[in-house]
Amino acid sequence: MKPIAEGLWQIPLAPKESVNAYVLGDVVVDAGYKASGKKLVKALEGRAISAHTLTHAHPDHVGGSKRVVDAPGVPFWAPAGDAAAIEAGRSVVGQSRIRPLVAATNRFDPVPIARTLSEGDDVAGFRVVDVPGHSPGHIAFWRESDRVLVLGDVFFNMLLPRLKPGLRDPLTFVTPDIAQNHASQRKLADLEPAIACFGHGPVLHDAAPKLRAYVNARS
Ligand SMILES: [Zn+2]
């Protein structure tokens, strides 16, 4: 576990921080692929965990969740707009020529939901922000006091599969509404975060001007 800020840790689950989970206080956010679940549970050993939640219901974030919540006393909190996908074990995919292929690999173990999260809810001192587009119910976690943002896949900070760090849009074939995701990127840039934590890629410090420049370059 890598300390990022007060009460915030990063748990890299794949080489070069290409897949990340985070711990906010005593809440685990994201769980990597199904194969990452074991590594994540091991990294959490000896820590009191009160709940597990997600930025969004894609197999590289919810895949390890079943294993995390199978630990006794860990309820699962789902992004409200992705709750149906989580209970079905299959998320919404983007439009592309390889859609059938993506859909076929887009399954995961369903997870029972104890609570749903949406805009304004509090998670371990972070405020939930609705940022749909990359998934219908995608959420981010924002702490205004020290301007820390855990933003899932609204931005990538890595070019996959080359594992080269740098701000990017999320992959289009897993992003059902790209225009809506662009609006969500702007919403997050407007928060002017000092630290941005990504589902894919390294943590970004002095993030505000970099996110702003990225968003403005498109318009
Ligand atoms: Zn995703």
# chains A, B, ... in the order shown; residues from 1 in each chain; ligands from 1

$ select_by_dssp --residues "chain A" --states "strand (DSSP E)" --output "NGL selection string"
:A and (2-5 or 8-12 or 20-24 or 27-29 or 51-53 or 76-79 or 115-117 or 122-123 or 126-130 or 139-143 or 148-150 or 156-159 or 164-168 or 195-197 or 204-205)

$ residues_near_ligand --ligand "ligand 1" --cutoff "12 Å" --atoms "only C-alpha atoms and all ligand atoms" --output "JSON, numbers by chain"
{"A": [19, 20, 30, 31, 32, 33, 54, 55, 56, 57, 58, 59, 60, 61, 62, 63, 82, 91, 92, 93, 94, 106, 132, 133, 134, 135, 136, 137, 138, 139, 151, 152, 153, 154, 155, 156, 169, 170, 171, 172, 173, 174, 175, 176, 181, 198, 199, 200]}

$ select_by_dssp --residues "chain A" --states "alpha helix (DSSP H)" --output "number ranges by chain"
A: 37-43, 59-62, 65-69, 83-88, 99-104, 178-190, 207-216

$ closest_residue --among "A:Pro15, A:Gly89, A:Gly37, A:Pro72" --to "Ile49 of chain A" --atoms "only C-alpha atoms"
A:Pro72

$ residues_around --residues "Gly7 of chain A" --least-positions-apart "6" --cutoff "8 Å" --atoms "only C-alpha atoms" --output "compact mmCIF listing (two decimals) with all heavy atoms, in the first residue's frame"
# COMPACT_ATOMS: atom_id res chain seq x y z
N VAL A 23 -7.50 2.83 -0.99
CA VAL A 23 -8.18 2.77 0.29
C VAL A 23 -8.40 4.20 0.77
O VAL A 23 -7.44 4.97 0.86
CB VAL A 23 -7.37 1.96 1.33
CG1 VAL A 23 -8.06 1.98 2.68
CG2 VAL A 23 -7.18 0.52 0.85
N LEU A 24 -9.68 4.54 1.00
CA LEU A 24 -10.06 5.86 1.51
C LEU A 24 -10.49 5.64 2.96
O LEU A 24 -11.56 5.08 3.20
CB LEU A 24 -11.24 6.42 0.72
CG LEU A 24 -10.98 7.07 -0.66
CD1 LEU A 24 -10.22 6.16 -1.61
CD2 LEU A 24 -12.30 7.48 -1.30
N GLY A 25 -9.66 6.04 3.90
CA GLY A 25 -9.96 5.78 5.30
C GLY A 25 -10.01 4.28 5.52
O GLY A 25 -8.98 3.61 5.48

$ residues_around --residues "Ala88 of chain A" --least-positions-apart "5" --cutoff "9 Å" --atoms "only C-alpha atoms" --output "PDB file with C-alpha atoms, in the first residue's frame"
ATOM      1  CA  ALA A  83     -26.157  -1.159  -9.693  1.00  0.00           C
ATOM      2  CA  ARG A 107     -18.730 -10.627 -17.477  1.00  0.00           C
ATOM      3  CA  PHE A 108     -17.846 -10.721 -13.804  1.00  0.00           C
ATOM      4  CA  ASP A 109     -19.078 -12.296 -10.589  1.00  0.00           C
ATOM      5  CA  PRO A 110     -22.235 -10.461  -9.442  1.00  0.00           C
ATOM      6  CA  VAL A 111     -21.891  -8.825  -5.998  1.00  0.00           C
TER       7      VAL A 111
END

$ atom_distance --atom1 "atom CA of Trp142 of chain A" --atom2 "atom CA of Ala217 of chain A"
23.9 Å

$ residues_around --residues "Asp206 of chain A" --least-positions-apart "5" --cutoff "12 Å" --atoms "only C-alpha atoms" --output "list in words"
Asp146, Arg147, Val148, Leu149, Ala189, Glu192, Pro193, Ala194, Ile195, Ala196, Cys197, Leu211 and Arg212 of chain A

$ closest_residue --among "A:Met1, A:Gly46, A:Arg143, A:Ser65" --to "Tyr22 of chain A" --atoms "only C-alpha atoms"
A:Met1

$ closest_residue --among "A:His182, A:Pro112, A:Lys210, A:Pro202" --to "Leu13 of chain A" --atoms "only C-alpha atoms"
A:Pro202

$ closest_residue --among "A:Pro79, A:Pro165, A:Gly73, A:Pro209" --to "Arg115 of chain A" --atoms "only C-alpha atoms"
A:Pro79

$ closest_residue --among "A:Val28, A:Ile86, A:Leu191, A:Ala207" --to "Gly166 of chain A" --atoms "only C-alpha atoms"
A:Ala207

$ residues_around --residues "Arg127 of chain A" --least-positions-apart "6" --cutoff "6 Å" --atoms "only C-alpha atoms" --output "list of chain:residue names"
A:Gly120, A:Asp121, A:Phe141, A:Trp142
